[in-house]
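Q: Attaching a single structure in structure tokens format; questions to follow.
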Amino acid sequence: MTRKHAIIYSLAALGILAIPLQAVIDPSLDNIACACLALASSLFTLMYLNFTDALQTQPLSTFSIFGFCVTTQLGALLLQTVAWTSLSASLYNGVYTFATLALYQTIAIGVHAVYRYFYRPRPDSMHLVRGFLSWLGVYLTPSCGALWLIGLVGLASYSVYVSEPIYESTVGKFGQAFNFLAWAPFLIPFYLHDTGNDYCKWQLQRWLLVLYEVSLVALGLALNTRGVMFFGVATVGLLYLLSAMRSDVPVDSRSILRVAGLVCVALILVRPVSNLTTAMVIARGLGLNAPVAVKIERTFEVWRNPALIEAYRAHQAELQLRSAYDEHYVENPILARFVMTKFHDNALHFANGIRTEDGHRRLQDVSIELFWAILPQPVLDLLDINVDKAELDFSVGDLLPYLSKGSKLGTHRVGSMFAQGIALFGPLFPFVFAALCLCFFALMNLLTIRRENALAAVSALGMLQIWIYFYSGISYEGLNKAFLFIVRNFEQTIIIYCVVFGMVRLFLRLKTASFAIPPAPERHSGSRV
């Protein structure tokens, strides 16, 4: 059995096993229906991955479809079963939610299959866009030194989190756009595996990466920012998962022991790490401008007090139960970040609660304003479009409860493009979603490298975006966010990466030239950057 088949068959087996366990946990018809819908959609997705070459030819877009399945359906089914909790618990309308998610999961797979059928480029073909990206350096293999320098640029961009005025300013927003570069050094093991031992000295790089992760954890504690601590680990984990799901290497006992060891380590660390993240949230109450030493001291003080952490969680759960808006679903705060089911359920519930014609008209007007707000202010001024971005400082997850129940705006709750789309377009939204999927898949495909053996390799920029594509590749908080990715964010990440990578390449060449013995060009013209 290959690694790909082992992963897919294991996930399928666990999903099937969860059905009778869910029937024992909660034998209600609603819960069993939710479990069956989640399983049917998950098995259909796993079959698509197993019986097609989608992961080989279109790895990023295929992985985004798999990510949508895991974060909305399969992940909820498995995690709630392990926690011995009903799958439909805390959901407003679980059957409707899982049926909606299954429908759009099926549409995404159908569109992807059609896209793959009609899009069969030759490895040696190069159209205008790919030629331009190749000229920019998107498809080049970064050297080990280049990845370290890119990572340091990304690490420096986290300085915008030092104070609230900087974080909220234009400079702060600009700096946040560079954050994804911080994970560049974690790509070194993957390039070492692909290119061989000539790429770098692994013994040295292994310890440097450990020190780098320690520095990221220290930075996260100092800034009270959990993302910088865990996104690197998540990126590496997802890249290894994608690599294994594309592998035809047979599973051996050594691989099984490694996976079992990683699972044991994860089970041991999940609770203390979850407590640490909760302690950071509690310490965040000191304010963003509090001294770093005080925030770190407060974080460890709370972390050493499990009773205080449990009391805080119980208090937050009680507040959410009394509130008109409840996000509580998966108990573990770390694992809860991988399951978006409850957010879709909330958005669908409040979208269905907009029953007045005035409410739907208001949703249409605000949605249009949110679309325009994606454009930079100079462009809006040039087009003479009067949109006040300051008045639109809220999310679709805020807007739907506001129009339905009169809830407060500006809390930036997580919404759902499916709920917004259904409310705006009704039965036409599946066709709108299909068109959006075509755009998503085409853009993701640009970050893969074609090879002669028909296997597509993922570029460095594609690997740096793997978490984003897995987590929200085909599912965004709102239609405006999906449109933002298409017209701005995708292009922005390419520009940022290519500018930084180009400057790093120039710096490394100048540095090499300054130490080279003439004639220098012959000495370093073949360096890998």
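So you can find residues: chains in the structure tokens are A, B, ... in the order shown, residues in each start at 1, and ligands are numbered from 1 in order.
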For range 35-40 of chain A, work out the shell of residues within 9 Å, counting only C-alpha atoms and skipping chain neighbours fewer than 6 positions away, then give it as an mmCIF file with N, CA and C atoms, in the first residue's frame.

A:
```
data_model
loop_
_atom_site.group_PDB
_atom_site.id
_atom_site.type_symbol
_atom_site.label_atom_id
_atom_site.label_comp_id
_atom_site.auth_asym_id
_atom_site.auth_seq_id
_atom_site.Cartn_x
_atom_site.Cartn_y
_atom_site.Cartn_z
ATOM 1 N N ALA A 12 -10.943 7.485 5.499
ATOM 2 C CA ALA A 12 -12.248 6.915 5.173
ATOM 3 C C ALA A 12 -12.709 5.946 6.261
ATOM 4 N N GLY A 15 -13.791 7.839 9.337
ATOM 5 C CA GLY A 15 -15.101 8.459 9.125
ATOM 6 C C GLY A 15 -16.232 7.461 9.233
ATOM 7 N N ILE A 16 -16.041 6.279 8.633
ATOM 8 C CA ILE A 16 -17.077 5.238 8.708
ATOM 9 C C ILE A 16 -17.259 4.773 10.146
ATOM 10 N N ALA A 18 -16.878 6.490 12.763
ATOM 11 C CA ALA A 18 -17.500 7.540 13.564
ATOM 12 C C ALA A 18 -19.025 7.487 13.527
ATOM 13 N N ILE A 19 -19.605 6.906 12.477
ATOM 14 C CA ILE A 19 -21.069 6.890 12.350
ATOM 15 C C ILE A 19 -21.741 6.113 13.479
ATOM 16 N N GLN A 22 -21.300 8.000 16.739
ATOM 17 C CA GLN A 22 -22.190 9.152 16.861
ATOM 18 C C GLN A 22 -23.614 8.714 17.194
ATOM 19 N N ALA A 23 -24.012 7.560 16.673
ATOM 20 C CA ALA A 23 -25.349 7.045 16.990
ATOM 21 C C ALA A 23 -25.470 6.696 18.470
ATOM 22 N N CYS A 69 -13.027 20.178 2.813
ATOM 23 C CA CYS A 69 -13.683 18.994 3.383
ATOM 24 C C CYS A 69 -13.283 18.792 4.842
ATOM 25 N N THR A 72 -14.576 21.688 7.355
ATOM 26 C CA THR A 72 -16.017 21.902 7.520
ATOM 27 C C THR A 72 -16.801 20.628 7.821
ATOM 28 N N GLN A 73 -16.297 19.474 7.386
ATOM 29 C CA GLN A 73 -17.103 18.262 7.504
ATOM 30 C C GLN A 73 -16.349 17.105 8.160
ATOM 31 N N LEU A 74 -15.299 16.609 7.492
ATOM 32 C CA LEU A 74 -14.589 15.446 8.021
ATOM 33 C C LEU A 74 -13.945 15.768 9.360
ATOM 34 N N ALA A 76 -14.839 17.967 11.619
ATOM 35 C CA ALA A 76 -15.872 18.060 12.651
ATOM 36 C C ALA A 76 -16.339 16.670 13.066
ATOM 37 N N LEU A 77 -16.552 15.790 12.088
ATOM 38 C CA LEU A 77 -17.019 14.438 12.393
ATOM 39 C C LEU A 77 -16.027 13.685 13.271
ATOM 40 N N LEU A 87 -22.293 15.504 16.996
ATOM 41 C CA LEU A 87 -21.881 16.311 15.859
ATOM 42 C C LEU A 87 -22.797 17.516 15.674
ATOM 43 N N SER A 88 -24.054 17.357 16.022
ATOM 44 C CA SER A 88 -25.020 18.442 15.849
ATOM 45 C C SER A 88 -25.104 19.362 17.057
ATOM 46 N N VAL A 95 -28.494 19.828 10.109
ATOM 47 C CA VAL A 95 -28.798 19.135 8.861
ATOM 48 C C VAL A 95 -28.688 20.098 7.684
ATOM 49 N N PHE A 98 -24.818 21.019 7.149
ATOM 50 C CA PHE A 98 -24.016 19.975 6.514
ATOM 51 C C PHE A 98 -24.501 19.680 5.094
ATOM 52 N N ALA A 99 -25.803 19.794 4.842
ATOM 53 C CA ALA A 99 -26.309 19.603 3.480
ATOM 54 C C ALA A 99 -25.795 20.706 2.559
ATOM 55 N N LEU A 101 -23.013 22.534 2.991
ATOM 56 C CA LEU A 101 -21.573 22.329 2.796
ATOM 57 C C LEU A 101 -21.298 21.183 1.832
ATOM 58 N N ALA A 102 -22.082 20.103 1.933
ATOM 59 C CA ALA A 102 -21.908 18.961 1.033
ATOM 60 C C ALA A 102 -22.231 19.356 -0.412
#
```

Q: Using only C-alpha atoms, which residues sit within 12 Å of Asn305 in chain A once same-chain residues fewer than 3 positions away are excluded, as number ranges by chain?

A: A: 272, 275-276, 278-279, 282, 298-302, 308-312

Q: Please produce a file of those selected residues containing N, CA and C atoms, as a PDB file, in the first residue's frame.

A:
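Below is the file that was written, selection17.pdb:
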```pdb
ATOM      1  N   PRO A 272      -1.110  21.176  26.957  1.00  0.00           N
ATOM      2  CA  PRO A 272      -0.320  22.316  27.426  1.00  0.00           C
ATOM      3  C   PRO A 272      -0.243  23.452  26.415  1.00  0.00           C
ATOM      4  N   ASN A 275      -3.482  25.299  26.615  1.00  0.00           N
ATOM      5  CA  ASN A 275      -3.491  26.153  27.804  1.00  0.00           C
ATOM      6  C   ASN A 275      -2.643  27.404  27.600  1.00  0.00           C
ATOM      7  N   LEU A 276      -1.520  27.241  26.874  1.00  0.00           N
ATOM      8  CA  LEU A 276      -0.662  28.397  26.607  1.00  0.00           C
ATOM      9  C   LEU A 276      -1.391  29.428  25.749  1.00  0.00           C
ATOM     10  N   THR A 278      -4.580  29.908  25.538  1.00  0.00           N
ATOM     11  CA  THR A 278      -5.613  30.551  26.369  1.00  0.00           C
ATOM     12  C   THR A 278      -4.988  31.550  27.328  1.00  0.00           C
ATOM     13  N   ALA A 279      -3.832  31.199  27.873  1.00  0.00           N
ATOM     14  CA  ALA A 279      -3.131  32.133  28.762  1.00  0.00           C
ATOM     15  C   ALA A 279      -2.745  33.401  28.014  1.00  0.00           C
ATOM     16  N   ILE A 282      -5.798  35.593  27.791  1.00  0.00           N
ATOM     17  CA  ILE A 282      -6.063  36.259  29.067  1.00  0.00           C
ATOM     18  C   ILE A 282      -5.096  37.420  29.269  1.00  0.00           C
ATOM     19  N   ARG A 298       2.808  37.735  32.713  1.00  0.00           N
ATOM     20  CA  ARG A 298       1.395  37.436  32.954  1.00  0.00           C
ATOM     21  C   ARG A 298       0.983  36.141  32.248  1.00  0.00           C
ATOM     22  N   THR A 299       1.501  35.926  31.049  1.00  0.00           N
ATOM     23  CA  THR A 299       1.174  34.708  30.299  1.00  0.00           C
ATOM     24  C   THR A 299       1.626  33.464  31.050  1.00  0.00           C
ATOM     25  N   PHE A 300       2.876  33.452  31.524  1.00  0.00           N
ATOM     26  CA  PHE A 300       3.377  32.280  32.244  1.00  0.00           C
ATOM     27  C   PHE A 300       2.716  32.131  33.618  1.00  0.00           C
ATOM     28  N   GLU A 301       2.355  33.238  34.209  1.00  0.00           N
ATOM     29  CA  GLU A 301       1.653  33.170  35.496  1.00  0.00           C
ATOM     30  C   GLU A 301       0.307  32.471  35.341  1.00  0.00           C
ATOM     31  N   VAL A 302      -0.410  32.811  34.286  1.00  0.00           N
ATOM     32  CA  VAL A 302      -1.696  32.166  34.033  1.00  0.00           C
ATOM     33  C   VAL A 302      -1.496  30.724  33.593  1.00  0.00           C
ATOM     34  N   LEU A 308      -7.348  28.464  36.805  1.00  0.00           N
ATOM     35  CA  LEU A 308      -7.742  29.771  36.288  1.00  0.00           C
ATOM     36  C   LEU A 308      -8.116  29.671  34.798  1.00  0.00           C
ATOM     37  N   ILE A 309      -7.358  28.869  34.050  1.00  0.00           N
ATOM     38  CA  ILE A 309      -7.639  28.697  32.621  1.00  0.00           C
ATOM     39  C   ILE A 309      -8.991  28.023  32.425  1.00  0.00           C
ATOM     40  N   GLU A 310      -9.260  26.974  33.197  1.00  0.00           N
ATOM     41  CA  GLU A 310     -10.540  26.288  33.071  1.00  0.00           C
ATOM     42  C   GLU A 310     -11.693  27.197  33.475  1.00  0.00           C
ATOM     43  N   ALA A 311     -11.479  28.010  34.497  1.00  0.00           N
ATOM     44  CA  ALA A 311     -12.521  28.947  34.920  1.00  0.00           C
ATOM     45  C   ALA A 311     -12.803  29.979  33.827  1.00  0.00           C
ATOM     46  N   TYR A 312     -11.735  30.434  33.176  1.00  0.00           N
ATOM     47  CA  TYR A 312     -11.906  31.409  32.080  1.00  0.00           C
ATOM     48  C   TYR A 312     -12.676  30.778  30.924  1.00  0.00           C
TER      49      TYR A 312
END
```

Q: Could you name the residues that touch Gly232 in chain A at 9 Å or less, counting only C-alpha atoms, but leaving out those on the same chain fewer than 2 positions away, as a ChimeraX atom specification?

A: /A:182-184,186,213,216,227-230,234-237

Q: Tell me, as a ChimeraX atom specification, which residues lie within 12 Å of range 262-268 of chain A, counting only C-alpha atoms; anything in the same chain fewer than 4 positions away does not count.

A: /A:233,237,255-258,272-274,332,334-335

Q: As a PDB file with C-alpha atoms, in the first residue's frame, please: every residue in range 140-349 of chain A that a backbone DSSP assignment puts in alpha helix (DSSP H).

A:
```
ATOM      1  CA  CYS A 144      19.275  27.840   1.307  1.00  0.00           C
ATOM      2  CA  GLY A 145      20.748  31.275   2.035  1.00  0.00           C
ATOM      3  CA  ALA A 146      17.978  32.983   0.069  1.00  0.00           C
ATOM      4  CA  LEU A 147      15.301  31.234   2.129  1.00  0.00           C
ATOM      5  CA  TRP A 148      16.956  32.376   5.351  1.00  0.00           C
ATOM      6  CA  LEU A 149      17.129  35.989   4.203  1.00  0.00           C
ATOM      7  CA  ILE A 150      13.522  35.928   2.991  1.00  0.00           C
ATOM      8  CA  GLY A 151      12.483  34.493   6.340  1.00  0.00           C
ATOM      9  CA  LEU A 152      14.304  37.238   8.229  1.00  0.00           C
ATOM     10  CA  VAL A 153      12.444  39.864   6.171  1.00  0.00           C
ATOM     11  CA  GLY A 154       9.166  38.212   7.122  1.00  0.00           C
ATOM     12  CA  LEU A 155      10.246  38.011  10.745  1.00  0.00           C
ATOM     13  CA  ALA A 156      11.102  41.718  10.774  1.00  0.00           C
ATOM     14  CA  GLU A 164      -1.588  49.468  18.486  1.00  0.00           C
ATOM     15  CA  PRO A 165      -1.104  52.790  16.621  1.00  0.00           C
ATOM     16  CA  ILE A 166       1.495  51.189  14.318  1.00  0.00           C
ATOM     17  CA  TYR A 167      -0.587  48.035  13.870  1.00  0.00           C
ATOM     18  CA  GLU A 168      -3.692  49.991  12.838  1.00  0.00           C
ATOM     19  CA  THR A 170      -1.211  52.167   6.857  1.00  0.00           C
ATOM     20  CA  VAL A 171       2.397  51.229   7.570  1.00  0.00           C
ATOM     21  CA  GLY A 172       1.146  48.467   9.843  1.00  0.00           C
ATOM     22  CA  LYS A 173      -1.181  47.058   7.202  1.00  0.00           C
ATOM     23  CA  PHE A 174       1.663  47.176   4.686  1.00  0.00           C
ATOM     24  CA  GLY A 175       3.982  45.339   7.076  1.00  0.00           C
ATOM     25  CA  GLN A 176       1.435  42.608   7.778  1.00  0.00           C
ATOM     26  CA  ILE A 188      14.684  23.978   3.319  1.00  0.00           C
ATOM     27  CA  PRO A 189      13.954  20.288   4.153  1.00  0.00           C
ATOM     28  CA  PHE A 190      11.674  19.976   1.105  1.00  0.00           C
ATOM     29  CA  TYR A 191      14.225  21.405  -1.313  1.00  0.00           C
ATOM     30  CA  LEU A 192      16.922  19.253   0.289  1.00  0.00           C
ATOM     31  CA  HIS A 193      14.788  16.177  -0.391  1.00  0.00           C
ATOM     32  CA  ASP A 194      14.153  17.193  -4.016  1.00  0.00           C
ATOM     33  CA  THR A 195      17.625  18.395  -5.006  1.00  0.00           C
ATOM     34  CA  TRP A 202      21.409  19.329   6.771  1.00  0.00           C
ATOM     35  CA  GLN A 203      23.085  18.754  10.142  1.00  0.00           C
ATOM     36  CA  LEU A 204      23.671  22.492  10.519  1.00  0.00           C
ATOM     37  CA  GLN A 205      20.327  23.546   9.043  1.00  0.00           C
ATOM     38  CA  ARG A 206      18.387  21.225  11.342  1.00  0.00           C
ATOM     39  CA  TRP A 207      19.651  22.956  14.471  1.00  0.00           C
ATOM     40  CA  LEU A 208      19.261  26.400  12.906  1.00  0.00           C
ATOM     41  CA  LEU A 209      15.603  25.602  12.171  1.00  0.00           C
ATOM     42  CA  VAL A 210      15.070  24.493  15.781  1.00  0.00           C
ATOM     43  CA  LEU A 211      16.563  27.765  17.015  1.00  0.00           C
ATOM     44  CA  TYR A 212      14.452  29.680  14.506  1.00  0.00           C
ATOM     45  CA  GLU A 213      11.240  28.051  15.758  1.00  0.00           C
ATOM     46  CA  VAL A 214      12.259  28.839  19.352  1.00  0.00           C
ATOM     47  CA  SER A 215      12.761  32.459  18.330  1.00  0.00           C
ATOM     48  CA  LEU A 216       9.308  32.472  16.707  1.00  0.00           C
ATOM     49  CA  VAL A 217       7.751  31.172  19.917  1.00  0.00           C
ATOM     50  CA  ALA A 218       9.593  33.841  21.918  1.00  0.00           C
ATOM     51  CA  LEU A 219       8.437  36.522  19.478  1.00  0.00           C
ATOM     52  CA  GLY A 220       4.859  35.261  19.691  1.00  0.00           C
ATOM     53  CA  LEU A 221       4.957  35.459  23.484  1.00  0.00           C
ATOM     54  CA  ALA A 222       6.497  38.925  23.401  1.00  0.00           C
ATOM     55  CA  LEU A 223       3.910  40.266  20.937  1.00  0.00           C
ATOM     56  CA  ARG A 226      -0.339  33.172  18.434  1.00  0.00           C
ATOM     57  CA  GLY A 227      -0.063  33.102  14.639  1.00  0.00           C
ATOM     58  CA  VAL A 228       3.684  33.644  14.521  1.00  0.00           C
ATOM     59  CA  MET A 229       4.149  30.706  16.889  1.00  0.00           C
ATOM     60  CA  PHE A 230       2.092  28.093  15.065  1.00  0.00           C
ATOM     61  CA  PHE A 231       1.723  29.017  11.392  1.00  0.00           C
ATOM     62  CA  GLY A 232       5.241  27.773  10.647  1.00  0.00           C
ATOM     63  CA  VAL A 233       4.462  24.404  12.225  1.00  0.00           C
ATOM     64  CA  ALA A 234       1.124  24.271  10.391  1.00  0.00           C
ATOM     65  CA  THR A 235       2.825  25.098   7.089  1.00  0.00           C
ATOM     66  CA  VAL A 236       5.412  22.330   7.496  1.00  0.00           C
ATOM     67  CA  GLY A 237       2.778  19.834   8.622  1.00  0.00           C
ATOM     68  CA  LEU A 238       0.522  20.554   5.652  1.00  0.00           C
ATOM     69  CA  LEU A 239       3.447  20.366   3.222  1.00  0.00           C
ATOM     70  CA  TYR A 240       4.426  16.944   4.561  1.00  0.00           C
ATOM     71  CA  LEU A 241       0.783  15.851   4.342  1.00  0.00           C
ATOM     72  CA  LEU A 242       0.535  17.029   0.731  1.00  0.00           C
ATOM     73  CA  SER A 243       3.825  15.326  -0.116  1.00  0.00           C
ATOM     74  CA  ALA A 244       2.656  12.049   1.434  1.00  0.00           C
ATOM     75  CA  MET A 245      -0.725  12.221  -0.335  1.00  0.00           C
ATOM     76  CA  SER A 253       7.354  -0.106   9.263  1.00  0.00           C
ATOM     77  CA  ARG A 254       9.692   2.852   9.670  1.00  0.00           C
ATOM     78  CA  SER A 255       7.097   5.255   8.295  1.00  0.00           C
ATOM     79  CA  ILE A 256       4.410   3.803  10.546  1.00  0.00           C
ATOM     80  CA  LEU A 257       6.621   4.214  13.604  1.00  0.00           C
ATOM     81  CA  ARG A 258       7.381   7.826  12.672  1.00  0.00           C
ATOM     82  CA  VAL A 259       3.711   8.683  12.256  1.00  0.00           C
ATOM     83  CA  ALA A 260       2.826   6.919  15.496  1.00  0.00           C
ATOM     84  CA  GLY A 261       5.556   8.851  17.288  1.00  0.00           C
ATOM     85  CA  LEU A 262       4.332  12.173  15.898  1.00  0.00           C
ATOM     86  CA  VAL A 263       0.761  11.353  16.930  1.00  0.00           C
ATOM     87  CA  CYS A 264       1.915  10.517  20.468  1.00  0.00           C
ATOM     88  CA  VAL A 265       3.908  13.741  20.695  1.00  0.00           C
ATOM     89  CA  ALA A 266       0.939  15.727  19.401  1.00  0.00           C
ATOM     90  CA  LEU A 267      -1.391  14.122  21.962  1.00  0.00           C
ATOM     91  CA  ILE A 268       1.049  14.932  24.747  1.00  0.00           C
ATOM     92  CA  LEU A 269       1.503  18.555  23.675  1.00  0.00           C
ATOM     93  CA  VAL A 270      -2.030  19.441  22.653  1.00  0.00           C
ATOM     94  CA  ARG A 271      -3.285  20.225  26.155  1.00  0.00           C
ATOM     95  CA  PRO A 272      -0.320  22.316  27.426  1.00  0.00           C
ATOM     96  CA  VAL A 273      -0.167  24.175  24.122  1.00  0.00           C
ATOM     97  CA  SER A 274      -3.904  24.828  24.278  1.00  0.00           C
ATOM     98  CA  ASN A 275      -3.491  26.153  27.804  1.00  0.00           C
ATOM     99  CA  LEU A 276      -0.662  28.397  26.607  1.00  0.00           C
ATOM    100  CA  THR A 277      -2.817  29.915  23.877  1.00  0.00           C
ATOM    101  CA  THR A 278      -5.613  30.551  26.369  1.00  0.00           C
ATOM    102  CA  ALA A 279      -3.131  32.133  28.762  1.00  0.00           C
ATOM    103  CA  MET A 280      -2.032  34.443  25.964  1.00  0.00           C
ATOM    104  CA  VAL A 281      -5.652  35.468  25.364  1.00  0.00           C
ATOM    105  CA  ILE A 282      -6.063  36.259  29.067  1.00  0.00           C
ATOM    106  CA  ALA A 283      -2.805  38.235  29.090  1.00  0.00           C
ATOM    107  CA  VAL A 292       6.605  43.081  26.736  1.00  0.00           C
ATOM    108  CA  ALA A 293       8.055  41.775  30.002  1.00  0.00           C
ATOM    109  CA  VAL A 294       4.742  42.304  31.768  1.00  0.00           C
ATOM    110  CA  LYS A 295       2.785  40.424  29.081  1.00  0.00           C
ATOM    111  CA  ILE A 296       5.203  37.487  29.110  1.00  0.00           C
ATOM    112  CA  GLU A 297       5.186  37.344  32.905  1.00  0.00           C
ATOM    113  CA  ARG A 298       1.395  37.436  32.954  1.00  0.00           C
ATOM    114  CA  THR A 299       1.174  34.708  30.299  1.00  0.00           C
ATOM    115  CA  PHE A 300       3.377  32.280  32.244  1.00  0.00           C
ATOM    116  CA  GLU A 301       1.653  33.170  35.496  1.00  0.00           C
ATOM    117  CA  VAL A 302      -1.696  32.166  34.033  1.00  0.00           C
ATOM    118  CA  TRP A 303      -0.227  29.124  32.253  1.00  0.00           C
ATOM    119  CA  PRO A 306      -4.758  25.417  35.095  1.00  0.00           C
ATOM    120  CA  ALA A 307      -7.697  26.126  37.398  1.00  0.00           C
ATOM    121  CA  LEU A 308      -7.742  29.771  36.288  1.00  0.00           C
ATOM    122  CA  ILE A 309      -7.639  28.697  32.621  1.00  0.00           C
ATOM    123  CA  GLU A 310     -10.540  26.288  33.071  1.00  0.00           C
ATOM    124  CA  ALA A 311     -12.521  28.947  34.920  1.00  0.00           C
ATOM    125  CA  TYR A 312     -11.906  31.409  32.080  1.00  0.00           C
ATOM    126  CA  ARG A 313     -13.045  28.880  29.481  1.00  0.00           C
ATOM    127  CA  ALA A 314     -16.149  28.023  31.471  1.00  0.00           C
ATOM    128  CA  HIS A 315     -16.954  31.722  31.840  1.00  0.00           C
ATOM    129  CA  GLN A 316     -16.544  32.324  28.100  1.00  0.00           C
ATOM    130  CA  ALA A 317     -18.713  29.311  27.263  1.00  0.00           C
ATOM    131  CA  GLU A 318     -21.427  30.579  29.615  1.00  0.00           C
ATOM    132  CA  LEU A 319     -21.293  34.034  28.043  1.00  0.00           C
ATOM    133  CA  GLN A 320     -21.682  32.573  24.575  1.00  0.00           C
ATOM    134  CA  LEU A 321     -24.626  30.436  25.642  1.00  0.00           C
ATOM    135  CA  ARG A 322     -26.382  33.552  26.919  1.00  0.00           C
ATOM    136  CA  PRO A 333      -8.940  25.871  21.283  1.00  0.00           C
ATOM    137  CA  ILE A 334      -6.091  24.645  19.060  1.00  0.00           C
ATOM    138  CA  LEU A 335      -8.141  22.040  17.205  1.00  0.00           C
ATOM    139  CA  ALA A 336     -11.065  24.456  17.007  1.00  0.00           C
ATOM    140  CA  THR A 341     -18.443  24.294  10.748  1.00  0.00           C
ATOM    141  CA  LYS A 342     -19.941  26.415  13.498  1.00  0.00           C
ATOM    142  CA  PHE A 343     -19.120  29.680  11.715  1.00  0.00           C
ATOM    143  CA  HIS A 344     -20.937  28.509   8.582  1.00  0.00           C
ATOM    144  CA  ASP A 345     -23.859  27.356  10.735  1.00  0.00           C
ATOM    145  CA  ASN A 346     -24.077  30.756  12.438  1.00  0.00           C
ATOM    146  CA  ALA A 347     -23.946  32.652   9.148  1.00  0.00           C
ATOM    147  CA  LEU A 348     -26.552  30.432   7.496  1.00  0.00           C
ATOM    148  CA  HIS A 349     -28.849  30.775  10.518  1.00  0.00           C
TER     149      HIS A 349
END
```

Q: Report as a list of chain:residue names all protein, DNA and RNA residues lying within 10 Å of Ala83 in chain A, evaluated on only C-alpha atoms, omitting residues in the same chain fewer than 4 positions from it.

A: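 In the requested form, the answer reads A:Leu78, A:Leu79, A:Val330, A:Glu331, A:Asn332.
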
Q: I'd like the neighbourhood of Ile374 in chain A as a PyMOL selection string, where a residue qualifies if any of its atoms comes within 12 Å (using only C-alpha atoms), though same-chain residues fewer than 6 positions away should be ignored.

A: chain A and resi 367-368+380+387-389+392+479-489

Q: Calculate how many Å separate CA of Ser61 in chain A from CA of Gly421 in chain A, rounding to one decimal.

A: 21.5 Å

Q: Considering only strand (DSSP E or B) as DSSP defines it on the backbone, what residues of range 360-471 of chain A qualify? List them as a list of chain:residue names.

A: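 Put together, the selection reads A:Thr448, A:Ile449, A:Ala457, A:Val458.
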
Q: Have a look at CA of Thr106 in chain A and CA of Ala33 in chain A and let me know their distance in Å, one decimal.

A: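 Between these atoms lies a distance of 17.6 Å.
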